[in-house]
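> File name start-v7.txt; file contents compact mmCIF, C-alpha atoms; full text below.
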# COMPACT_ATOMS: atom_id res chain seq x y z
CA MET A 29 11.41 50.82 110.78
CA SER A 30 13.14 53.97 109.56
CA ASP A 31 14.17 56.92 111.74
CA ARG A 32 11.72 59.09 109.88
CA THR A 33 8.82 56.79 110.75
CA ARG A 34 9.88 56.68 114.38
CA ARG A 35 10.08 60.45 114.55
CA PHE A 36 6.67 60.69 112.93
CA GLU A 37 5.09 58.33 115.43
CA ALA A 38 6.66 60.07 118.40
CA ALA A 39 5.51 63.49 117.22
CA MET A 40 2.06 62.69 115.85
CA LEU A 41 0.57 59.70 117.66
CA PRO A 42 0.13 61.59 120.95
CA HIS A 43 -2.41 63.76 119.07
CA LEU A 44 -4.58 60.89 117.88
CA ASP A 45 -7.36 61.66 120.36
CA ALA A 46 -7.45 65.29 119.27
CA ALA A 47 -7.49 64.24 115.61
CA PHE A 48 -10.32 61.78 116.19
CA ASN A 49 -12.34 64.24 118.27
CA LEU A 50 -12.15 66.85 115.52
CA ALA A 51 -13.08 64.39 112.77
CA ARG A 52 -15.86 62.85 114.84
CA TRP A 53 -17.41 66.27 115.44
CA LEU A 54 -17.00 67.40 111.83
CA LEU A 55 -18.32 64.21 110.23
CA ARG A 56 -20.76 63.31 113.02
CA ASP A 57 -20.13 59.64 112.39
CA GLU A 58 -17.91 57.24 114.29
CA HIS A 59 -17.00 54.97 111.39
CA ASN A 60 -16.32 57.68 108.82
CA ALA A 61 -14.28 59.61 111.37
CA GLN A 62 -12.02 56.58 111.86
CA ASP A 63 -11.50 56.19 108.10
CA VAL A 64 -10.76 59.85 107.55
CA VAL A 65 -8.37 60.10 110.51
CA GLN A 66 -6.39 57.11 109.28
CA ASP A 67 -6.24 58.63 105.82
CA ALA A 68 -5.16 61.99 107.26
CA TYR A 69 -2.35 60.36 109.26
CA LEU A 70 -1.05 58.64 106.14
CA ARG A 71 -1.11 61.97 104.30
CA ALA A 72 0.69 63.60 107.19
CA PHE A 73 3.25 60.79 107.05
CA ARG A 74 3.96 61.49 103.36
CA PHE A 75 4.40 65.18 104.04
CA PHE A 76 6.32 64.82 107.26
CA ASP A 77 9.41 66.41 105.68
CA SER A 78 7.63 69.75 105.70
CA TYR A 79 7.06 69.51 109.45
CA GLN A 80 9.47 71.64 111.48
CA GLY A 81 9.39 69.96 114.85
CA GLU A 82 7.20 72.38 116.75
CA GLN A 83 3.45 72.93 116.87
CA ALA A 84 2.63 69.36 115.93
CA ARG A 85 -1.01 69.68 116.93
CA PRO A 86 -2.13 72.49 114.60
CA TRP A 87 -0.02 71.01 111.80
CA LEU A 88 -1.64 67.61 112.13
CA LEU A 89 -5.14 68.94 112.84
CA GLY A 90 -4.87 71.10 109.70
CA ILE A 91 -4.43 67.95 107.65
CA VAL A 92 -7.26 66.22 109.53
CA ARG A 93 -9.69 69.07 108.96
CA ASN A 94 -8.78 69.32 105.27
CA SER A 95 -9.35 65.59 104.91
CA CYS A 96 -12.74 65.97 106.60
CA PHE A 97 -13.88 68.83 104.38
CA THR A 98 -12.61 67.06 101.28
CA TRP A 99 -14.48 63.94 102.35
CA MET A 100 -17.71 65.87 102.89
CA LYS A 101 -17.39 67.51 99.52
CA ASP A 102 -16.48 64.30 97.70
CA LYS A 103 -19.32 62.32 99.14
CA GLN A 104 -21.68 65.25 98.78
CA ARG A 105 -22.92 64.37 102.18
CA ALA A 106 -22.39 67.80 103.56
CA GLY A 107 -26.10 68.57 103.35
CA GLU A 108 -25.28 72.06 104.57
CA GLN A 109 -23.07 74.92 103.58
CA VAL A 110 -19.42 74.13 104.18
CA GLU A 111 -17.83 76.77 101.96
CA PHE A 112 -16.58 79.96 103.47
CA ASP A 113 -19.40 82.47 103.34
CA GLU A 114 -18.28 86.10 103.42
CA GLU A 115 -21.60 87.48 104.55
CA ARG A 116 -22.27 84.93 107.23
CA ASP A 117 -18.73 85.04 108.45
CA SER A 118 -18.20 88.80 108.47
CA GLY A 119 -19.36 89.21 112.07
CA VAL A 120 -22.15 91.59 111.09
CA ASP A 121 -24.49 91.81 114.02
CA ASP A 122 -27.80 90.13 113.72
CA PRO A 123 -30.13 91.72 116.25
CA GLY A 124 -32.12 88.51 116.47
CA LEU A 125 -29.07 86.65 117.67
CA ASN A 126 -27.82 89.21 120.11
CA ARG A 127 -31.11 89.80 121.84
CA ALA A 128 -30.80 86.58 123.80
CA ALA A 129 -27.15 87.20 124.51
CA ASP A 130 -27.76 90.66 125.95
CA ASN A 131 -29.62 89.30 128.92
CA PRO A 132 -27.48 87.02 131.12
CA GLU A 133 -30.60 85.81 132.93
CA THR A 134 -31.79 84.04 129.82
CA LEU A 135 -28.73 81.86 129.59
CA LEU A 136 -28.52 79.75 132.73
CA MET A 137 -25.58 77.88 131.27
CA GLN A 138 -24.97 75.97 134.45
CA LYS A 139 -28.29 74.19 134.09
CA LEU A 140 -27.68 72.99 130.58
CA GLU A 141 -27.50 69.28 129.99
CA ARG A 142 -24.79 67.48 128.10
CA ALA A 143 -27.23 66.36 125.42
CA GLN A 144 -28.43 69.91 124.80
CA ILE A 145 -24.91 71.27 124.42
CA ASN A 146 -23.81 68.40 122.19
CA LYS A 147 -26.86 68.84 120.01
CA ALA A 148 -26.35 72.60 119.72
CA ILE A 149 -22.72 72.12 118.64
CA GLU A 150 -23.67 69.34 116.26
CA GLU A 151 -26.18 71.58 114.54
CA LEU A 152 -23.72 74.38 113.85
CA PRO A 153 -22.56 74.65 110.23
CA PRO A 154 -19.22 72.75 109.89
CA LEU A 155 -16.96 75.81 109.70
CA PHE A 156 -18.41 77.12 112.95
CA ARG A 157 -18.50 73.72 114.60
CA GLU A 158 -14.82 73.40 113.72
CA VAL A 159 -13.71 76.55 115.56
CA ILE A 160 -15.77 75.68 118.64
CA VAL A 161 -14.24 72.19 118.83
CA LEU A 162 -10.71 73.51 118.28
CA ARG A 163 -11.07 76.34 120.79
CA GLU A 164 -13.23 74.87 123.56
CA LEU A 165 -12.49 71.15 123.43
CA GLU A 166 -8.94 71.05 122.07
CA GLU A 167 -8.05 74.41 123.65
CA LEU A 168 -6.02 75.65 120.71
CA SER A 169 -4.97 79.32 120.76
CA TYR A 170 -6.41 81.70 118.15
CA GLU A 171 -3.04 81.58 116.37
CA GLU A 172 -3.07 77.79 116.30
CA ILE A 173 -6.62 77.73 114.95
CA ALA A 174 -5.58 80.21 112.24
CA GLN A 175 -2.67 77.95 111.32
CA CYS A 176 -4.81 74.81 111.42
CA ALA A 177 -7.67 76.11 109.30
CA ALA A 178 -5.38 78.29 107.13
CA ILE A 179 -7.45 81.42 107.75
CA PRO A 180 -6.48 84.91 109.04
CA LEU A 181 -6.58 85.60 112.77
CA GLY A 182 -9.45 88.06 112.30
CA THR A 183 -11.52 85.35 110.63
CA VAL A 184 -10.86 83.00 113.55
CA MET A 185 -12.18 85.61 115.96
CA SER A 186 -15.23 86.54 113.93
CA ARG A 187 -16.07 82.92 113.20
CA LEU A 188 -15.74 82.06 116.86
CA SER A 189 -17.87 84.96 118.02
CA ARG A 190 -20.48 84.10 115.40
CA ALA A 191 -20.44 80.44 116.48
CA ARG A 192 -20.91 81.44 120.11
CA ALA A 193 -23.81 83.68 119.22
CA MET A 194 -25.46 80.80 117.36
CA LEU A 195 -24.90 78.50 120.32
CA ARG A 196 -26.36 81.01 122.75
CA THR A 197 -29.45 81.33 120.59
CA ALA A 198 -29.79 77.58 120.27
CA LEU A 199 -29.36 77.09 124.00
CA THR A 200 -31.82 79.77 125.07
CA PRO A 201 -35.36 78.47 125.47
CA ALA A 202 -37.72 79.98 122.89
CA ASP A 203 -40.08 81.49 125.50
CA GLN A 204 -37.21 83.39 127.11
CA GLN A 205 -36.06 84.74 123.75
CA GLY A 206 -39.56 86.15 123.39
CA GLN A 207 -39.56 87.70 126.85
CA SER A 208 -36.35 89.62 126.30
CA LYS A 209 -37.76 91.62 123.42
CA MET B 8 -18.74 91.48 122.68
CA ASN B 9 -19.72 90.14 126.04
CA HIS B 10 -16.71 88.45 127.63
CA HIS B 11 -18.53 87.38 130.74
CA GLN B 12 -21.04 85.37 128.77
CA ASP B 13 -18.35 84.03 126.45
CA SER B 14 -16.57 82.51 129.41
CA ASP B 15 -19.87 81.20 130.76
CA LEU B 16 -20.53 79.48 127.47
CA SER B 17 -16.93 78.23 127.27
CA GLN B 18 -17.19 76.67 130.69
CA ALA B 19 -20.48 75.00 129.86
CA ILE B 20 -19.02 73.52 126.66
CA LYS B 21 -15.81 72.39 128.35
CA ALA B 22 -17.74 70.79 131.19
CA GLN B 23 -20.50 69.18 129.17
CA ALA B 24 -19.64 68.64 125.51
CA THR B 25 -18.30 65.20 124.62
CA ARG B 26 -14.61 64.91 123.83
CA PHE B 27 -14.43 61.78 121.72
CA GLU B 28 -11.46 59.49 122.28
CA ALA B 29 -9.82 57.55 119.48
CA PRO B 30 -11.13 53.96 119.62
CA THR B 31 -8.64 51.14 120.16
CA ALA B 32 -9.59 49.70 116.77
CA LEU B 33 -8.38 52.91 115.12
CA ARG B 34 -5.11 52.88 117.08
CA GLU B 35 -4.39 49.33 116.00
CA ARG B 36 -5.41 49.89 112.40
CA LEU B 37 -3.32 53.04 112.16
CA GLY B 38 -0.29 51.33 113.70
CA ALA B 39 -0.48 48.61 111.06
CA ALA B 40 -1.03 51.14 108.25
CA LEU B 41 2.06 53.11 109.33
CA ILE B 42 4.21 49.98 109.32
CA LYS B 43 3.02 49.35 105.77
CA ALA B 44 3.62 52.98 104.76
CA ASP B 45 7.08 52.78 106.30
CA ALA B 46 7.92 49.73 104.19
CA LEU B 47 6.57 51.48 101.07
CA SER B 48 8.46 54.70 101.72
CA SER B 49 11.73 52.80 102.11
CA ALA B 50 11.13 51.03 98.80
CA PRO B 51 12.20 52.76 95.55
CA ALA B 52 9.78 55.52 94.58
CA ARG B 53 7.20 54.52 92.01
CA GLN B 54 6.33 56.98 89.29
CA GLY B 55 2.60 56.29 89.34
CA LEU B 56 2.23 56.75 93.04
CA TRP B 57 4.20 59.97 93.03
CA THR B 58 2.19 61.49 90.20
CA SER B 59 -1.10 60.69 91.85
CA LEU B 60 0.17 62.15 95.09
CA GLN B 61 1.13 65.38 93.37
CA ARG B 62 -2.27 65.63 91.77
CA GLN B 63 -3.97 64.92 95.06
CA TRP B 64 -2.04 67.62 96.83
CA LEU B 65 -2.41 70.25 94.16
CA GLY B 66 -5.91 70.65 95.55
CA MET B 67 -4.51 71.72 98.89
CA GLY B 68 -3.70 75.09 97.38
CA VAL B 69 -0.68 77.03 96.27
CA ALA B 70 -0.09 78.55 99.70
CA PHE B 71 0.32 75.18 101.31
CA ALA B 72 2.65 74.00 98.55
CA CYS B 73 4.79 77.10 99.02
CA GLY B 74 4.95 76.37 102.71
CA VAL B 75 6.04 72.82 102.01
CA ILE B 76 8.77 73.97 99.65
CA ALA B 77 9.95 76.74 101.94
CA SER B 78 10.12 74.54 104.98
CA PHE B 79 11.71 71.72 103.04
CA THR B 80 14.44 74.12 101.96
CA VAL B 81 14.95 75.12 105.57
CA THR B 82 15.13 71.47 106.57
CA LEU B 83 18.07 70.97 104.22
CA PHE B 84 20.08 73.51 106.16
CA HIS B 85 19.35 72.01 109.53
CA ALA B 86 22.27 70.21 111.09
CA ALA B 87 21.88 66.46 111.43
CA PRO B 88 20.50 65.57 114.86
CA SER B 89 23.02 64.48 117.44
CA GLU B 90 23.45 60.83 118.34
CA GLN B 91 21.69 61.38 121.65
CA GLU B 92 18.83 63.27 120.03
CA ARG B 93 18.34 60.48 117.51
CA VAL B 94 18.24 57.81 120.20
CA ALA B 95 15.91 59.98 122.30
CA GLN B 96 13.47 60.17 119.36
CA GLU B 97 13.64 56.42 118.89
CA VAL B 98 13.03 55.85 122.58
CA VAL B 99 9.94 58.08 122.56
CA ALA B 100 8.66 56.39 119.41
CA GLY B 101 9.22 52.96 120.94
CA HIS B 102 7.33 54.02 124.05
CA VAL B 103 4.40 55.51 122.14
CA ARG B 104 4.21 52.48 119.86
CA SER B 105 4.16 50.07 122.78
CA LEU B 106 1.19 51.93 124.28
CA MET B 107 -0.57 52.32 121.00
CA VAL B 108 -0.65 48.89 119.48
CA ALA B 109 -1.54 47.37 122.85
CA HIS B 110 1.70 45.44 122.66
CA LEU B 111 3.37 46.26 125.91
CA ALA B 112 4.77 42.92 126.87
CA ASP B 113 5.62 39.59 125.25
CA VAL B 114 6.11 38.10 128.66
CA ASP B 115 3.53 39.27 131.19
CA SER B 116 4.95 38.73 134.61
CA SER B 117 5.80 40.70 137.69
CA GLU B 118 8.22 37.92 138.59
CA GLN B 119 11.78 38.88 137.67
CA HIS B 120 12.82 35.22 137.63
CA THR B 121 10.31 34.61 134.86
CA VAL B 122 11.15 37.71 132.85
CA LYS B 123 14.94 37.44 132.91
CA PRO B 124 15.20 33.86 131.51
CA TRP B 125 12.67 34.77 128.83
CA PHE B 126 15.26 37.08 127.25
CA SER B 127 18.00 34.48 127.06
CA GLY B 128 18.09 32.92 123.63
CA LYS B 129 16.38 36.00 122.22
CA LEU B 130 19.17 38.46 122.91
CA ASP B 131 22.94 38.10 122.91
CA PHE B 132 23.10 39.81 126.30
CA SER B 133 21.32 39.36 129.59
CA PRO B 134 19.57 42.50 130.80
CA PRO B 135 19.32 43.11 134.54
CA VAL B 136 15.70 42.55 135.59
CA HIS B 137 14.52 43.88 138.94
CA ASP B 138 11.07 44.25 140.38
CA LEU B 139 10.68 47.67 142.01
CA ALA B 140 7.24 47.10 143.53
CA LYS B 141 8.55 48.01 146.99
CA ASP B 142 9.46 51.45 145.66
CA GLY B 143 6.09 51.83 143.96
CA PHE B 144 7.18 50.77 140.47
CA PRO B 145 5.96 47.19 139.94
CA LEU B 146 7.42 45.24 137.03
CA VAL B 147 4.69 44.16 134.62
CA GLY B 148 6.66 42.36 131.92
CA GLY B 149 9.17 42.51 129.13
CA ARG B 150 9.39 42.39 125.37
CA LEU B 151 11.91 42.64 122.57
CA ASP B 152 12.27 45.90 120.74
CA TYR B 153 14.62 47.34 118.17
CA LEU B 154 16.45 50.57 118.89
CA ASN B 155 19.59 52.31 117.73
CA GLN B 156 20.12 49.50 115.19
CA HIS B 157 20.15 46.81 117.87
CA PRO B 158 17.67 44.36 119.29
CA VAL B 159 17.10 45.62 122.83
CA ALA B 160 15.34 44.47 125.98
CA ALA B 161 12.27 46.52 126.89
CA LEU B 162 11.17 46.16 130.49
CA VAL B 163 7.78 47.51 131.42
CA TYR B 164 7.03 49.06 134.80
CA ARG B 165 3.97 50.79 136.15
CA ARG B 166 3.34 53.67 138.47
CA GLN B 167 -0.41 53.88 139.13
CA GLN B 168 -1.90 54.42 135.65
CA HIS B 169 1.42 55.38 134.06
CA THR B 170 3.58 53.05 132.04
CA ILE B 171 7.36 53.20 132.10
CA ASN B 172 9.38 51.60 129.33
CA LEU B 173 12.97 50.80 130.22
CA PHE B 174 15.16 50.03 127.22
CA VAL B 175 18.43 48.21 127.86
CA TRP B 176 21.23 47.23 125.54
CA PRO B 177 25.00 46.67 125.80
CA SER B 178 26.85 49.95 125.88
CA SER B 179 29.55 50.65 123.31
CA ASP B 180 31.11 53.12 125.75
CA THR B 181 33.44 51.55 128.26
CA SER B 182 33.19 54.52 130.61
CA PRO B 183 29.85 54.84 132.41
CA HIS B 184 27.97 58.07 131.97
CA ALA B 185 25.87 59.81 134.59
CA VAL B 186 22.09 60.09 134.51
CA LYS B 187 20.77 62.67 132.09
CA LEU B 188 17.20 63.88 132.26
CA LEU B 189 15.51 64.76 128.96
CA SER B 190 12.06 65.78 127.89
CA ARG B 191 10.60 65.20 124.42
CA GLN B 192 7.00 65.56 123.18
CA GLY B 193 5.77 65.70 126.75
CA PHE B 194 7.56 62.53 127.81
CA ASN B 195 10.29 62.50 130.41
CA MET B 196 13.32 60.33 129.90
CA THR B 197 16.42 59.37 131.78
CA ASP B 198 19.51 58.05 130.06
CA TRP B 199 22.61 56.59 131.65
CA SER B 200 25.11 53.80 131.27
CA GLU B 201 26.83 51.60 133.82
CA SER B 202 28.30 48.11 134.11
CA GLY B 203 28.53 47.87 130.33
CA MET B 204 24.82 48.54 129.75
CA GLN B 205 23.04 51.49 128.22
CA TYR B 206 19.72 52.44 129.85
CA TRP B 207 16.88 54.62 128.61
CA ALA B 208 13.73 55.01 130.69
CA VAL B 209 10.72 56.84 129.25
CA SER B 210 7.28 57.68 130.59
CA ASP B 211 4.70 60.40 130.97
CA LEU B 212 5.54 60.58 134.67
CA ASN B 213 6.86 63.91 135.92
CA SER B 214 10.60 64.39 136.08
CA ALA B 215 10.79 63.94 139.88
CA GLU B 216 9.11 60.54 139.65
CA MET B 217 11.30 59.55 136.72
CA GLN B 218 14.34 60.40 138.81
CA ALA B 219 12.94 58.40 141.72
CA PHE B 220 12.42 55.42 139.40
CA THR B 221 15.94 55.76 138.02
CA GLN B 222 17.43 56.00 141.48
CA SER B 223 15.67 52.93 142.86
CA LEU B 224 16.57 50.93 139.76
CA ARG B 225 20.23 51.92 139.99
CA GLN B 226 20.33 50.90 143.63
CA LYS B 227 19.13 47.41 142.66
CA ILE B 228 21.62 47.19 139.80
CA ASN B 229 24.49 48.09 142.11
CA ASP B 230 23.39 45.90 145.04
The structure given in the file should be rewritten as structure tokens.

Amino acid sequence: MSDRTRRFEAAMLPHLDAAFNLARWLLRDEHNAQDVVQDAYLRAFRFFDSYQGEQARPWLLGIVRNSCFTWMKDKQRAGEQVEFDEERDSGVDDPGLNRAADNPETLLMQKLERAQINKAIEELPPLFREVIVLRELEELSYEEIAQCAAIPLGTVMSRLSRARAMLRTALTPADQQGQSK
Amino acid sequence: MNHHQDSDLSQAIKAQATRFEAPTALRERLGAALIKADALSSAPARQGLWTSLQRQWLGMGVAFACGVIASFTVTLFHAAPSEQERVAQEVVAGHVRSLMVAHLADVDSSEQHTVKPWFSGKLDFSPPVHDLAKDGFPLVGGRLDYLNQHPVAALVYRRQQHTINLFVWPSSDTSPHAVKLLSRQGFNMTDWSESGMQYWAVSDLNSAEMQAFTQSLRQKIND
């Protein structure tokens, strides 16, 4: 085995769980996630010469997320909007979304069940699901998310805040949303 | 923006949302695919493959391509890694690979008198094999590996849930060198040579425990 391959394995294999977690959340399918992660690792291997030795995680996860979005597009299985949407992503306030968020009493996050949270994340559009998974589960910094998704820092922040607003709405019981009017 | 609620939501997600772990099947499959890719990349480049790769990657966008070119240019000006750095990378890769392909040991035994004879006939040297269970580092087995252009002995030890790989091969240096502590990709390593052998130990243990392991092993070697 060549030095290059050894260096690749040492730098990239420790991030296999992170890669799989991201793909599994984006594709919402165990089997497809395995296929796409393997494919992404082989792509990363071919382009390993462009890797500088630091920040392996965002570098690798960038390739994984691109592979996932390409896969969704190719198979036309997206079934929902995956393209960047200026209007949706601009962070313009939607009063309907913020109403629930304005009242902490309506949230009761500590009582939420695993299944509810998983379902709420799963139902986010892919671009928003992506930032939540990268930020909350993989604990990437805003800068690393920007690097990974190849988007400006401002977009990371607005996408994240938008994703959180959607989650809050999804996680707030409908009757309480009504009450807070 | 409501920071209090953001952190509330963050905590709920961190505590509750599933973090999927890569299945063993994927680890094994990927390990095999990388060995294949390694063999392919060492073979002479094929025009067809290269062209299709270029086409495939054109889709990644001009920005990414620029990045690749820019960083590749920078790479050219980087000094070649030192001998020690190169070996350190190989040691980490050997460690990660052993954990990944579920191929830790060819001979599974905590009995040093089983492990040591197993190596004879497979290597042209006889590595020192010591069980360190009394010091909290039980021997779990051994296997052959290939490092620094030599077949080497890999001895596997455990500390609770952590695996330690100890790589041993005959030293080309006649003078022993003292223990050096290194850290790469989150793994801690110790490297030393004595009695004509070169030793590299690697693990995800913290550096204090790695030093404790090294110390108790060296005591046995010098007994």
> Find the residues near range 37-48 of chain B: any atom within 10 Å, counting all atoms listed in the file, skip ones fewer than 5 places away on the same chain, and give them as a PyMOL selection string.
(chain A and resi 29-34+36-37+41+44+62-63+65-67+69-70+73-74) or (chain B and resi 31-32+53+104+107-108)
> What does the file look like for those residues with C-alpha atoms, as a PDB file, in the frame of the given file?

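Generated file (selection_24.pdb):
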ATOM      1  CA  MET A  29      11.410  50.820 110.780  1.00  0.00           C
ATOM      2  CA  SER A  30      13.140  53.970 109.560  1.00  0.00           C
ATOM      3  CA  ASP A  31      14.170  56.920 111.740  1.00  0.00           C
ATOM      4  CA  ARG A  32      11.720  59.090 109.880  1.00  0.00           C
ATOM      5  CA  THR A  33       8.820  56.790 110.750  1.00  0.00           C
ATOM      6  CA  ARG A  34       9.880  56.680 114.380  1.00  0.00           C
ATOM      7  CA  PHE A  36       6.670  60.690 112.930  1.00  0.00           C
ATOM      8  CA  GLU A  37       5.090  58.330 115.430  1.00  0.00           C
ATOM      9  CA  LEU A  41       0.570  59.700 117.660  1.00  0.00           C
ATOM     10  CA  LEU A  44      -4.580  60.890 117.880  1.00  0.00           C
ATOM     11  CA  GLN A  62     -12.020  56.580 111.860  1.00  0.00           C
ATOM     12  CA  ASP A  63     -11.500  56.190 108.100  1.00  0.00           C
ATOM     13  CA  VAL A  65      -8.370  60.100 110.510  1.00  0.00           C
ATOM     14  CA  GLN A  66      -6.390  57.110 109.280  1.00  0.00           C
ATOM     15  CA  ASP A  67      -6.240  58.630 105.820  1.00  0.00           C
ATOM     16  CA  TYR A  69      -2.350  60.360 109.260  1.00  0.00           C
ATOM     17  CA  LEU A  70      -1.050  58.640 106.140  1.00  0.00           C
ATOM     18  CA  PHE A  73       3.250  60.790 107.050  1.00  0.00           C
ATOM     19  CA  ARG A  74       3.960  61.490 103.360  1.00  0.00           C
TER      20      ARG A  74
ATOM     21  CA  THR B  31      -8.640  51.140 120.160  1.00  0.00           C
ATOM     22  CA  ALA B  32      -9.590  49.700 116.770  1.00  0.00           C
ATOM     23  CA  ARG B  53       7.200  54.520  92.010  1.00  0.00           C
ATOM     24  CA  ARG B 104       4.210  52.480 119.860  1.00  0.00           C
ATOM     25  CA  MET B 107      -0.570  52.320 121.000  1.00  0.00           C
ATOM     26  CA  VAL B 108      -0.650  48.890 119.480  1.00  0.00           C
TER      27      VAL B 108
END
> Anything within 10 Å of (-25.3, 80.0, 119.3): list those residues as a ChimeraX atom specification, counting all atoms listed in the file and sticking to the file's coordinates.
/A:125-126,128-129,148-149,151-152,156,189-200 /B:16
> Please measure the separation of CA of Glu97 in chain B and CA of Ser117 in chain B, giving the value in Å to one decimal.
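These atoms are spaced 25.7 Å apart.
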> Please tabulate, as a tab-separated table, the residues of chain B that come within 7 Å of chain A, each with its closest pair of atoms and the distance in Å to one decimal, counting all atoms listed in the file and ordering rows by chain, then residue number upward.

residue	atom	partner	partner_atom	distance
B:Asp15	CA	A:Met137	CA	6.6
B:Leu16	CA	A:Met137	CA	6.5
B:Ser17	CA	A:Glu164	CA	6.2
B:Ala19	CA	A:Met137	CA	6.0
B:Ile20	CA	A:Ile145	CA	6.7
B:Lys21	CA	A:Glu164	CA	6.0
B:Gln23	CA	A:Arg142	CA	4.7
B:Ala24	CA	A:Asn146	CA	5.3
B:Thr25	CA	A:Asn146	CA	6.8
B:Arg26	CA	A:Asn49	CA	6.0
B:Phe27	CA	A:Asn49	CA	4.7
B:Glu28	CA	A:Asp45	CA	5.0
B:Ala29	CA	A:Asp45	CA	4.9
B:Leu33	CA	A:Gln62	CA	6.1
B:Leu37	CA	A:Gln66	CA	5.9
B:Asp45	CA	A:Thr33	CA	6.2
B:Val75	CA	A:Ser78	CA	5.1
B:Ser78	CA	A:Ser78	CA	5.4
B:Phe79	CA	A:Ser78	CA	5.3
B:Gln96	CA	A:Arg35	CA	5.9
B:Glu97	CA	A:Arg34	CA	5.9
B:Val99	CA	A:Ala38	CA	5.7
B:Ala100	CA	A:Ala38	CA	4.3
B:Val103	CA	A:Ala38	CA	6.3
B:Gln192	CA	A:Ala39	CA	6.5
> So that I can check the surroundings of Ala208 in chain B, please list as an NGL selection string every protein, DNA and RNA residue that reaches within 12 Å of it, counting all atoms listed in the file and ignoring chain neighbours fewer than 6 positions away.
:B and (94-95 or 97-99 or 101-102 or 160-165 or 170-176 or 186-190 or 194-200 or 214 or 216-222 or 224-225)
> Add whatever atoms are absent from range 185-198 of chain B to reach N, CA and C atoms, and provide the output as a PDB file, in the coordinates of the input.

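After the write, out.pdb holds the following:
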ATOM      1  N   ALA B 185      26.819  59.473 133.534  1.00  0.00           N
ATOM      2  CA  ALA B 185      25.870  59.810 134.590  1.00  0.00           C
ATOM      3  C   ALA B 185      24.459  59.979 134.025  1.00  0.00           C
ATOM      4  N   VAL B 186      23.497  59.984 134.911  1.00  0.00           N
ATOM      5  CA  VAL B 186      22.090  60.090 134.510  1.00  0.00           C
ATOM      6  C   VAL B 186      21.813  61.458 133.905  1.00  0.00           C
ATOM      7  N   LYS B 187      21.219  61.425 132.719  1.00  0.00           N
ATOM      8  CA  LYS B 187      20.770  62.670 132.090  1.00  0.00           C
ATOM      9  C   LYS B 187      19.253  62.643 132.034  1.00  0.00           C
ATOM     10  N   LEU B 188      18.663  63.778 132.299  1.00  0.00           N
ATOM     11  CA  LEU B 188      17.200  63.880 132.260  1.00  0.00           C
ATOM     12  C   LEU B 188      16.811  64.661 131.005  1.00  0.00           C
ATOM     13  N   LEU B 189      15.940  64.085 130.183  1.00  0.00           N
ATOM     14  CA  LEU B 189      15.510  64.760 128.960  1.00  0.00           C
ATOM     15  C   LEU B 189      13.995  64.806 128.913  1.00  0.00           C
ATOM     16  N   SER B 190      13.501  65.716 128.090  1.00  0.00           N
ATOM     17  CA  SER B 190      12.060  65.780 127.890  1.00  0.00           C
ATOM     18  C   SER B 190      11.785  65.977 126.405  1.00  0.00           C
ATOM     19  N   ARG B 191      10.952  65.093 125.837  1.00  0.00           N
ATOM     20  CA  ARG B 191      10.600  65.200 124.420  1.00  0.00           C
ATOM     21  C   ARG B 191       9.124  64.905 124.232  1.00  0.00           C
ATOM     22  N   GLN B 192       8.427  65.768 123.494  1.00  0.00           N
ATOM     23  CA  GLN B 192       7.000  65.560 123.180  1.00  0.00           C
ATOM     24  C   GLN B 192       6.175  65.263 124.439  1.00  0.00           C
ATOM     25  N   GLY B 193       6.550  65.895 125.528  1.00  0.00           N
ATOM     26  CA  GLY B 193       5.770  65.700 126.750  1.00  0.00           C
ATOM     27  C   GLY B 193       6.137  64.451 127.531  1.00  0.00           C
ATOM     28  N   PHE B 194       7.101  63.686 127.054  1.00  0.00           N
ATOM     29  CA  PHE B 194       7.560  62.530 127.810  1.00  0.00           C
ATOM     30  C   PHE B 194       8.867  62.864 128.504  1.00  0.00           C
ATOM     31  N   ASN B 195       9.018  62.319 129.717  1.00  0.00           N
ATOM     32  CA  ASN B 195      10.290  62.500 130.410  1.00  0.00           C
ATOM     33  C   ASN B 195      11.119  61.240 130.259  1.00  0.00           C
ATOM     34  N   MET B 196      12.422  61.452 130.119  1.00  0.00           N
ATOM     35  CA  MET B 196      13.320  60.330 129.900  1.00  0.00           C
ATOM     36  C   MET B 196      14.549  60.478 130.776  1.00  0.00           C
ATOM     37  N   THR B 197      15.093  59.344 131.186  1.00  0.00           N
ATOM     38  CA  THR B 197      16.420  59.370 131.780  1.00  0.00           C
ATOM     39  C   THR B 197      17.300  58.442 130.960  1.00  0.00           C
ATOM     40  N   ASP B 198      18.552  58.785 130.894  1.00  0.00           N
ATOM     41  CA  ASP B 198      19.510  58.050 130.060  1.00  0.00           C
ATOM     42  C   ASP B 198      20.812  57.966 130.835  1.00  0.00           C
TER      43      ASP B 198
END
